[in-house]
Structures are given as C-alpha cells and as structure tokens.
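Novice: coords.cif is reproduced below (mmCIF, C-alpha atoms and all ligand atoms).
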data_final
#
loop_
_atom_site.label_atom_id
_atom_site.label_comp_id
_atom_site.auth_asym_id
_atom_site.auth_seq_id
_atom_site.Cartn_x
_atom_site.Cartn_y
_atom_site.Cartn_z
CA MET A 692 3.50 -17.94 19.16
CA TRP A 693 1.73 -21.31 19.49
CA SER A 694 0.80 -22.58 22.91
CA ALA A 695 2.24 -25.81 24.30
CA ALA A 696 -1.14 -27.48 23.73
CA THR A 697 -1.18 -26.43 20.07
CA LEU A 698 2.38 -27.62 19.54
CA ARG A 699 1.52 -30.96 21.13
CA PHE A 700 -1.54 -31.27 18.89
CA ARG A 701 0.44 -30.47 15.75
CA TRP A 702 3.06 -33.01 16.71
CA GLU A 703 0.38 -35.67 17.25
CA LEU A 704 -1.23 -34.94 13.89
CA GLY A 705 2.11 -35.04 12.10
CA SER A 706 2.87 -38.35 13.76
CA LEU A 707 -0.45 -39.85 12.59
CA ARG A 708 0.11 -38.66 9.03
CA ARG A 709 3.61 -40.07 8.86
CA LYS A 710 2.00 -43.42 9.66
CA GLY A 711 -0.61 -42.84 6.96
CA GLU A 712 -3.44 -42.50 9.47
CA TYR A 713 -6.17 -39.91 9.10
CA VAL A 714 -8.97 -39.08 11.51
CA PRO A 715 -11.96 -36.77 11.36
CA PHE A 716 -12.22 -33.74 13.56
CA LYS A 717 -14.89 -32.70 16.01
CA ILE A 718 -15.64 -29.48 17.85
CA ILE A 719 -15.86 -29.53 21.65
CA ALA A 720 -19.27 -27.88 22.04
CA SER A 721 -18.67 -26.61 25.57
CA GLN A 722 -15.59 -24.68 24.39
CA CYS A 723 -16.96 -23.29 21.13
CA THR A 724 -17.81 -19.59 21.41
CA GLY A 725 -19.82 -19.63 18.19
CA CYS A 726 -17.51 -17.10 16.56
CA SER A 727 -18.01 -18.85 13.17
CA ALA A 728 -14.40 -18.30 12.05
CA CYS A 729 -14.03 -21.94 11.07
CA GLU A 730 -17.23 -22.38 9.07
CA PRO A 731 -16.36 -20.62 5.77
CA LEU A 732 -12.87 -22.12 5.67
CA CYS A 733 -13.85 -25.77 5.47
CA PRO A 734 -13.26 -26.98 1.90
CA ASN A 735 -15.88 -29.70 2.35
CA VAL A 736 -18.65 -27.60 3.90
CA ALA A 737 -18.53 -29.94 6.87
CA ILE A 738 -19.04 -27.25 9.53
CA SER A 739 -22.39 -25.78 10.46
CA GLU A 740 -24.07 -23.94 13.31
CA LYS A 741 -26.24 -25.84 15.74
CA GLU A 742 -27.92 -24.25 18.74
CA GLY A 743 -25.35 -21.51 19.21
CA HIS A 744 -22.19 -23.48 18.62
CA PHE A 745 -20.62 -25.14 15.60
CA VAL A 746 -20.37 -28.80 14.71
CA ILE A 747 -18.42 -30.90 12.21
CA GLU A 748 -20.15 -33.53 10.11
CA ALA A 749 -17.59 -36.28 10.48
CA THR A 750 -18.44 -38.06 7.24
CA LYS A 751 -17.54 -34.92 5.30
CA CYS A 752 -14.28 -34.16 7.13
CA THR A 753 -11.21 -35.17 5.16
CA GLU A 754 -8.79 -33.28 7.43
CA CYS A 755 -8.38 -30.82 4.56
CA VAL A 756 -6.18 -33.35 2.77
CA GLY A 757 -5.66 -32.27 -0.82
CA HIS A 758 -6.75 -28.72 -0.05
CA TYR A 759 -4.48 -27.40 2.71
CA ASP A 760 -1.41 -28.50 4.61
CA GLU A 761 -3.22 -28.27 7.93
CA PRO A 762 -6.82 -28.51 9.13
CA GLN A 763 -8.34 -25.10 8.56
CA CYS A 764 -10.79 -25.33 11.45
CA VAL A 765 -7.89 -25.89 13.84
CA ALA A 766 -5.87 -23.07 12.29
CA ALA A 767 -8.78 -20.62 12.51
CA CYS A 768 -10.11 -21.44 15.95
CA PRO A 769 -9.07 -18.92 18.61
CA ILE A 770 -9.66 -21.43 21.42
CA ASP A 771 -6.96 -24.07 21.89
CA ASN A 772 -8.08 -27.69 21.79
CA THR A 773 -11.60 -26.94 20.58
CA CYS A 774 -11.28 -28.49 17.11
CA VAL A 775 -9.79 -31.86 17.92
CA VAL A 776 -9.27 -35.30 16.43
CA ASP A 777 -12.20 -37.64 17.05
CA ARG A 778 -10.72 -41.06 17.66
CA SER A 779 -14.11 -42.67 18.15
CA LEU A 780 -14.99 -42.46 14.45
CA PRO A 781 -13.74 -44.30 11.35
CA ARG A 782 -10.65 -42.86 9.77
CA TYR A 783 -10.76 -41.01 6.51
CA GLN A 784 -8.85 -42.90 3.85
CA ALA A 785 -6.78 -40.50 1.82
CA PRO A 786 -6.72 -41.44 -1.89
CA GLY A 787 -3.63 -43.07 -3.25
S1 LIG B 801 -10.31 -30.56 9.18
FE1 LIG B 801 -10.74 -29.47 7.26
S2 LIG B 801 -12.28 -30.78 6.25
FE2 LIG B 801 -12.29 -31.33 8.43
S3 LIG B 801 -13.85 -30.03 9.37
FE3 LIG B 801 -11.87 -29.00 9.64
S4 LIG B 801 -11.78 -27.57 7.90
FE4 LIG B 801 -13.35 -29.12 7.38
S1 LIG B 802 -13.52 -21.17 15.23
FE1 LIG B 802 -13.62 -22.37 17.14
S2 LIG B 802 -14.80 -21.11 18.59
FE2 LIG B 802 -15.17 -20.28 16.51
S3 LIG B 802 -17.06 -21.35 15.80
FE3 LIG B 802 -15.31 -22.57 15.08
S4 LIG B 802 -14.96 -24.11 16.71
FE4 LIG B 802 -16.26 -22.50 17.58
#
Please express the file's structure as structure tokens.
Specialist:
Amino acid sequence: MWSAATLRFRWELGSLRRKGEYVPFKIIASQCTGCSACEPLCPNVAISEKEGHFVIEATKCTECVGHYDEPQCVAACPIDNTCVVDRSLPRYQAPG
C-alpha cells in the first residue's frame, strides 16, 4: 500500500509527463540511510555513494525514460520523499 505522500508524488510526476515535462531527480541527503538499494537499479549509472549517503548526478538522470515506466530510484527507496524531483535544474528533454 502506497503512502499518501507517494501517491501525491506519483500524481505530480504523471501530471508533468502528460505536459511533456521531464525533470531530474535528487536524493535528500539528510533522509538517505545509505542502504544502496537504488544504486544498481539506475539504467544510467547516475547514482553513487558519497560520504555515507547516495547522490544522483543530475546530468545523467533521464528519469528512466525509455528504460522503465517509473523512476527506479523512487520505486526502490524505502524512505518516502527521499528521491525527489529537482526543480532547480534544467529539464531532461526526452527524444522525439
Ligand atoms: S530517475 Fe532513473 S535515471 Fe534518474 S537517477 Fe533515478 S534511477 Fe537513475
Ligand atoms: S534507496 Fe533511498 S535510502 Fe537507500 S541509498 Fe537510495 S536514496 Fe538512500
């Protein structure tokens, strides 16, 4: 069962995609437990460990478009709202 926060996030992401907008993800460092569940799932090798927690290299993050229906880091993370959209960075432009 998804939490209300996760459902809200999924709705927001779906809304952005319907408008053709894509954004990179970031990991909230203070919430990351360093479990590493997300790291091997990223199709772009955008996730790495840094000083005990994990980070996303924004320029490599394509939101898993073309690989999976949903961002794998979000799907794998056991902590709600830890892998989140980073609105401060340029949007990934999906091909086509
Ligand atoms: S959304 Fe996908 S491509 Fe971006 S960091 Fe997460 S797993 Fe990697
Ligand atoms: S799955 Fe979540 S808690 Fe685990 S390393 Fe990745 S961001 Fe951190």
Novice: Pick out the closest residue to ligand LIG 802 (chain B) from this set: A:Tyr759, A:Phe745, A:Phe716, A:Trp702. Count only C-alpha atoms and all ligand atoms.
Specialist: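 Once distances to ligand LIG 802 (chain B) are computed over only C-alpha atoms and all ligand atoms, the minimum belongs to A:Phe745.
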Novice: Please list as a list in words every residue within 9 Å of A:Ala737, counting all atoms listed in the file and excluding residues in the same chain fewer than 3 positions away.
Specialist: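 Returned residues: Glu730, Cys733, Pro734, Val746, Ile747, Glu748, Ala749, Thr750, Lys751 and Cys752 of chain A.
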Novice: With 6 Å added on each side, what axis-aligned box encloses every listed atom of ligand LIG 802 (chain B)? Give the centre and edge lengths in Å to one decimal, as JSON.
Specialist:
{"center_x": -15.3, "center_y": -22.2, "center_z": 16.8, "size_x": 15.5, "size_y": 15.8, "size_z": 15.5}
Novice: Check which residues fall inside 12 Å of ligand LIG 802 (chain B) when counting only C-alpha atoms and all ligand atoms, and print them as a PyMOL selection string.
Specialist: chain A and resi 716-733+737-747+762-775
Novice: For each of A:Thr697, A:Asp777, A:Asp760, A:Pro715, take the minimum atom-to-atom distance to ligand LIG 801 (chain B), counting all atoms listed in the file, then give the residue where this is smallest.
Specialist: A:Pro715
Novice: Between atom FE2 of ligand LIG 801 (chain B) and atom CA of A:Val756, what is the distance in Å, rounded to a tenth?
Specialist: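 Between these atoms lies a distance of 8.6 Å.
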Novice: Rounded to one decimal place, report the atom CA of A:Cys755-atom S1 of ligand LIG 801 (chain B) distance in Å.
Specialist: 5.0 Å
Novice: Measuring atom to atom with all atoms listed in the file, identify which of A:Lys710, A:Gly705, A:Phe700, A:Asn735 is nearest to ligand LIG 801 (chain B).
Specialist: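 Smallest distance to ligand LIG 801 (chain B) is found for A:Asn735.
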Novice: Just how far from atom S1 of ligand LIG 801 (chain B) is atom CA of A:Leu780, in Å to one decimal?
Specialist: 13.8 Å
Novice: Out of A:Ser779, A:Val736, A:Arg709, A:Ala696, which residue has the shortest atom-to-atom distance to ligand LIG 801 (chain B) when counting all atoms listed in the file?
Specialist: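 Between A:Ser779, A:Val736, A:Arg709, A:Ala696, the residue approaching ligand LIG 801 (chain B) most closely is A:Val736.
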Novice: Using only C-alpha atoms and all ligand atoms, find the one residue out of A:Leu698, A:Arg778, A:Glu761, A:Glu754 that sits nearest to ligand LIG 801 (chain B).
Specialist: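 The answer is A:Glu754, which sits nearest to ligand LIG 801 (chain B).
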Novice: Mind rebuilding stretch 751-763 of chain A with N, CA and C atoms and writing that out as a short mmCIF file (atom, residue, chain, number, x, y, z; two decimals), in the frame of the given file?
Specialist:
data_model
loop_
_atom_site.label_atom_id
_atom_site.label_comp_id
_atom_site.auth_asym_id
_atom_site.auth_seq_id
_atom_site.Cartn_x
_atom_site.Cartn_y
_atom_site.Cartn_z
N LYS A 751 -18.02 -35.86 6.32
CA LYS A 751 -17.54 -34.92 5.30
C LYS A 751 -16.11 -34.45 5.56
N CYS A 752 -15.61 -34.68 6.76
CA CYS A 752 -14.28 -34.16 7.13
C CYS A 752 -13.18 -35.03 6.55
N THR A 753 -12.35 -34.45 5.73
CA THR A 753 -11.21 -35.17 5.16
C THR A 753 -9.89 -34.61 5.69
N GLU A 754 -9.98 -33.89 6.82
CA GLU A 754 -8.79 -33.28 7.43
C GLU A 754 -8.13 -32.26 6.50
N CYS A 755 -8.89 -31.80 5.53
CA CYS A 755 -8.38 -30.82 4.56
C CYS A 755 -7.33 -31.39 3.63
N VAL A 756 -7.17 -32.71 3.65
CA VAL A 756 -6.18 -33.35 2.77
C VAL A 756 -6.50 -33.02 1.31
N GLY A 757 -5.48 -32.62 0.59
CA GLY A 757 -5.66 -32.27 -0.82
C GLY A 757 -6.04 -30.83 -1.04
N HIS A 758 -6.38 -30.13 0.04
CA HIS A 758 -6.75 -28.72 -0.05
C HIS A 758 -5.73 -27.83 0.67
N TYR A 759 -5.39 -28.22 1.89
CA TYR A 759 -4.48 -27.40 2.71
C TYR A 759 -3.51 -28.31 3.45
N ASP A 760 -2.41 -27.73 3.88
CA ASP A 760 -1.41 -28.50 4.61
C ASP A 760 -1.85 -28.81 6.03
N GLU A 761 -2.76 -28.00 6.57
CA GLU A 761 -3.22 -28.27 7.93
C GLU A 761 -4.71 -28.02 8.03
N PRO A 762 -5.37 -28.67 8.97
CA PRO A 762 -6.82 -28.51 9.13
C PRO A 762 -7.17 -27.04 9.35
N GLN A 763 -8.03 -26.53 8.50
CA GLN A 763 -8.34 -25.10 8.56
C GLN A 763 -9.17 -24.73 9.78
#
